Amino acid sequence: MRLIIFCSLIFFTSLNYADYSVDYGDGNNTTIVAQPWTSGSHPQIASHQYTSDGIYTVTITADVDCDNDGIADIGKLTDTLQVIVGNVKQQWDYGDGQRTTSSTDPCSQALTAQPHQYSTAGTYTVTYTAIDTSGQITTDTIEVTVTGGAGGSSDTPATNFNCVENGIDGISGNLYTKTTAQSFSFDIVALKDASTIETNFASGTDHTVTVELVDASSGICSTYPSFSSQNLLFTSADSGTKASTAISSSTAYNKVKCRITDTTDSPSVIGCSTDSFAIRPTNLTLSSTDLINTISPTESLTPTTKAGTTFNLTATASIGYAGTPSIDNTIIQTHSGAVATGSIAESFDPAISATGSASGSFSYPEVGWFRFPVQGVFDDSYTELAQDEQNGDCIINSANQNDNFSDTPNADGKIGCKFGNKVISNYFGRFTPDHFEITATQDGSFSDACSGFSYSGQFVSYATNPNLTITAYNAIGGITQNYRQSYAKLDPLTDFNVSAPTTDSSQLGVDTTNKVNLVWTSGTSSLIDNLDGSLTFSFGNDSFKYLHEANSLIAPFPAAVDLIFTAITDSDGITSQGLPQTLQPSGTSIRFGRLNIDNAHGSELLPLAVPIYTEYYNGTFFIAATDDSCTIINLAQLRFNGAVTPSLGATTVSAGLNFTAPGTGNTGYIDITTDLFISSFPWLAFDWDGDGNHDNSPSARASFGLYKGNTKQIYFREIY
């Protein structure tokens, strides 16, 4: 090509290799031997200083060697041009859409002419226009043919590169989410500009480019760390688009781009894909160092963890994974027989990329075991940094949840955005209650051993059995409803400690210091599973006997006994709060009673009645227990020393004994003893002998025909 500058000085240069001879039209000429032109260097310049203004015809002859192989590629070129010496405005139109314009006074400009480089081989018409100070316009044209050369000006480089999925639009196409178990490929696209594929890329020479996968989570294209690399050869036949070879990564990355480096031309071209994508894990495996796990959960496996307290869980994916898994509490599964499924509280911390493991502290509110079904622990946000979800580069909103978790590309080449555990986990546990609480009580009541009352010394039982309800709670105050059936570990015979009562709860005895003593004989208690996390403990057929002793010789009083629970602990060591807890059955009136029988005297000609009856102490003296309908007597329980046997007025004691008249001349007496009766009714014994022990039975004498004597005696003594 040729270049003209108007001034008193003219120079000539070229972008390719050439030998020049110039005849300046004023009798002077110059010869220049070609030198290789490189980027950043100035071309060789032929210059001549005119001594006066005017128009000169300049003849130029050039031998052009474009590829510098010593052989002229075009041959000798000869041309002439007119030179106007003076102030002008000049313009170059290079025929490729590019133009340059000089100042109106080129004489004031330094001689720093720059070359014009064509980016594509071809033939171009270069038009030169000059306007002098008088307005005269001079125009000239020349055709320039640019041929190819390795990395040279006739090659067609790319201005940038892009990467897209195989077979889709190289400008607007995206890169789709991949997995760490997936082998994949994509198209590398040479760009002419941001919206045009350079289909002539490598038309002048083949280009070997480096294709890298880079971690684009931070930084810029040139500094992204590379984790996968391959070389790819482009030829003109590829028309600027070529598929990579197979790529895979067992390490997870949440934002990946492809980077293309082409060093064929100078300067090198480095470009990154406009779209990014994630390489996600395919699975999460679950473990815990605090909990045991098993495929066969039972109610007895140890060690145990209290419900509502913290434990760790770890979800492990692929190395490189730094996401945060979530738990789907809506699908958590529990052991067989459970009626409640608790929600696992708290969340995972972000995973450590070096291990791909995410851990966290959690709590579970129920008793027993839980496990994670498939996708029970999942990550649905790992692909967000690469904007795969937003760009539709993975499946996220399919009505078929399996598609959202799929690792297999669909017809469009897309996989699910989500991933989670692929198999049902083992059961984790075993969880126990944190503690028990007493949530309901019933004191119970005593039944009457007799008719409306009970004698001290009689056994008293319950009319209504005392009971209390124990409810299992977790550490955060919720009821553990799964504490039921075999997972309810309380035993009514061994796990409820009750202090044996030995006295009435408040009644003082004769000494006004000590409470009235009693004896408790416990029956077999029972425990009812309410199937809602609570159990009701009931006392069995217990019996109570207030002791028939000297300190009990007081007025009738209502019975009240304290049944004090001091400990409630199941076989897992779970204890109850709110202890001690007292139940106080009450209800019957306790009397100090005795049997009494009077002496009797009468004629041998008449029947004789002998009173026999029960009494109770009213606080001052004994009075007849006329309401006693429960003390039954029969003659076999009495002893007589005579041959005469009386009859009973009725079976109750208060009816008395009746003797028939023995007849004329049959005088004497009959002694009556009640030892056998008292052995059956010890609560009616009395301290008849005054030794302080109420263990004597009463006796009496019935006499016939013997002089009784005057009832008003100063002194009376009977000698037998």
# chains A, B, ... in the order shown; residues from 1 in each chain; ligands from 1
>>> residues_around(residues="A:Arg371", least_positions_apart="5", cutoff="7 Å", atoms="only C-alpha atoms", output="PyMOL selection string")
chain A and resi 332-334+425-428
>>> residues_around(residues="stretch 348-357 of chain A", least_positions_apart="2", cutoff="9 Å", atoms="only C-alpha atoms", output="list in words")
Ala252, Leu284, Leu313, Thr314, Ala315, Thr316, Ala317, Ser318, Ile319, Gly320, Tyr321, Ala322, Gly323, Thr324, Pro325, Ser326, Ile327, Glu346, Ser359, Gly360, Ser361 and Phe362 of chain A
>>> residues_around(residues="A:Asn160", least_positions_apart="2", cutoff="9 Å", atoms="only C-alpha atoms", output="PyMOL selection string")
chain A and resi 157-158+162+189-194+260+269-272
>>> write_last_selection(atoms="N, CA, C and O atoms", output="PDB file, in the first residue's frame")
ATOM      1  N   PRO A 157      -7.747 -13.860  13.425  1.00  0.00           N
ATOM      2  CA  PRO A 157      -7.834 -14.248  14.835  1.00  0.00           C
ATOM      3  C   PRO A 157      -9.230 -13.994  15.386  1.00  0.00           C
ATOM      4  O   PRO A 157     -10.060 -13.364  14.749  1.00  0.00           O
ATOM      5  N   ALA A 158      -9.478 -14.509  16.586  1.00  0.00           N
ATOM      6  CA  ALA A 158     -10.699 -14.199  17.327  1.00  0.00           C
ATOM      7  C   ALA A 158     -10.431 -13.024  18.252  1.00  0.00           C
ATOM      8  O   ALA A 158      -9.317 -12.852  18.754  1.00  0.00           O
ATOM      9  N   ASN A 162     -16.153 -17.880  23.570  1.00  0.00           N
ATOM     10  CA  ASN A 162     -17.266 -18.258  24.435  1.00  0.00           C
ATOM     11  C   ASN A 162     -17.355 -19.771  24.470  1.00  0.00           C
ATOM     12  O   ASN A 162     -16.799 -20.465  23.610  1.00  0.00           O
ATOM     13  N   VAL A 189     -16.356 -21.428  21.025  1.00  0.00           N
ATOM     14  CA  VAL A 189     -16.792 -20.553  19.946  1.00  0.00           C
ATOM     15  C   VAL A 189     -15.847 -19.362  19.858  1.00  0.00           C
ATOM     16  O   VAL A 189     -15.638 -18.646  20.844  1.00  0.00           O
ATOM     17  N   ALA A 190     -15.248 -19.156  18.649  1.00  0.00           N
ATOM     18  CA  ALA A 190     -14.421 -17.983  18.396  1.00  0.00           C
ATOM     19  C   ALA A 190     -15.334 -16.812  18.031  1.00  0.00           C
ATOM     20  O   ALA A 190     -16.274 -16.961  17.238  1.00  0.00           O
ATOM     21  N   LEU A 191     -15.081 -15.661  18.610  1.00  0.00           N
ATOM     22  CA  LEU A 191     -15.950 -14.505  18.414  1.00  0.00           C
ATOM     23  C   LEU A 191     -15.246 -13.425  17.595  1.00  0.00           C
ATOM     24  O   LEU A 191     -14.052 -13.131  17.796  1.00  0.00           O
ATOM     25  N   LYS A 192     -16.014 -12.846  16.683  1.00  0.00           N
ATOM     26  CA  LYS A 192     -15.556 -11.656  15.963  1.00  0.00           C
ATOM     27  C   LYS A 192     -15.816 -10.423  16.809  1.00  0.00           C
ATOM     28  O   LYS A 192     -14.995  -9.515  16.905  1.00  0.00           O
ATOM     29  N   ASP A 193     -16.996 -10.396  17.401  1.00  0.00           N
ATOM     30  CA  ASP A 193     -17.344  -9.389  18.386  1.00  0.00           C
ATOM     31  C   ASP A 193     -18.362 -10.030  19.329  1.00  0.00           C
ATOM     32  O   ASP A 193     -18.652 -11.229  19.226  1.00  0.00           O
ATOM     33  N   ALA A 194     -18.937  -9.249  20.223  1.00  0.00           N
ATOM     34  CA  ALA A 194     -19.799  -9.819  21.259  1.00  0.00           C
ATOM     35  C   ALA A 194     -21.035 -10.495  20.706  1.00  0.00           C
ATOM     36  O   ALA A 194     -21.623 -11.359  21.368  1.00  0.00           O
ATOM     37  N   ILE A 260     -10.554 -19.825  27.542  1.00  0.00           N
ATOM     38  CA  ILE A 260      -9.861 -20.180  26.312  1.00  0.00           C
ATOM     39  C   ILE A 260      -8.670 -19.243  26.152  1.00  0.00           C
ATOM     40  O   ILE A 260      -8.821 -18.011  26.249  1.00  0.00           O
ATOM     41  N   VAL A 269      -4.930 -14.001  22.906  1.00  0.00           N
ATOM     42  CA  VAL A 269      -6.334 -13.738  23.225  1.00  0.00           C
ATOM     43  C   VAL A 269      -6.763 -14.683  24.347  1.00  0.00           C
ATOM     44  O   VAL A 269      -6.581 -15.900  24.237  1.00  0.00           O
ATOM     45  N   ILE A 270      -7.281 -14.099  25.416  1.00  0.00           N
ATOM     46  CA  ILE A 270      -7.784 -14.885  26.544  1.00  0.00           C
ATOM     47  C   ILE A 270      -9.235 -14.493  26.771  1.00  0.00           C
ATOM     48  O   ILE A 270      -9.556 -13.310  26.902  1.00  0.00           O
ATOM     49  N   GLY A 271     -10.116 -15.463  26.804  1.00  0.00           N
ATOM     50  CA  GLY A 271     -11.525 -15.182  27.027  1.00  0.00           C
ATOM     51  C   GLY A 271     -12.191 -16.230  27.889  1.00  0.00           C
ATOM     52  O   GLY A 271     -11.807 -17.407  27.855  1.00  0.00           O
ATOM     53  N   CYS A 272     -13.161 -15.813  28.670  1.00  0.00           N
ATOM     54  CA  CYS A 272     -13.943 -16.733  29.501  1.00  0.00           C
ATOM     55  C   CYS A 272     -15.386 -16.754  29.007  1.00  0.00           C
ATOM     56  O   CYS A 272     -15.889 -15.776  28.451  1.00  0.00           O
TER      57      CYS A 272
END
>>> select_by_dssp(residues="stretch 190-263 of chain A", states="strand (DSSP E)", output="ChimeraX atom specification")
/A:190-193,196-197,207-215,226-234,241-243,253-262
>>> residues_around(residues="stretch 237-247 of chain A", least_positions_apart="4", cutoff="12 Å", atoms="only C-alpha atoms", output="PyMOL selection string")
chain A and resi 156-171+178-192+196-213+227-233+258+260+279
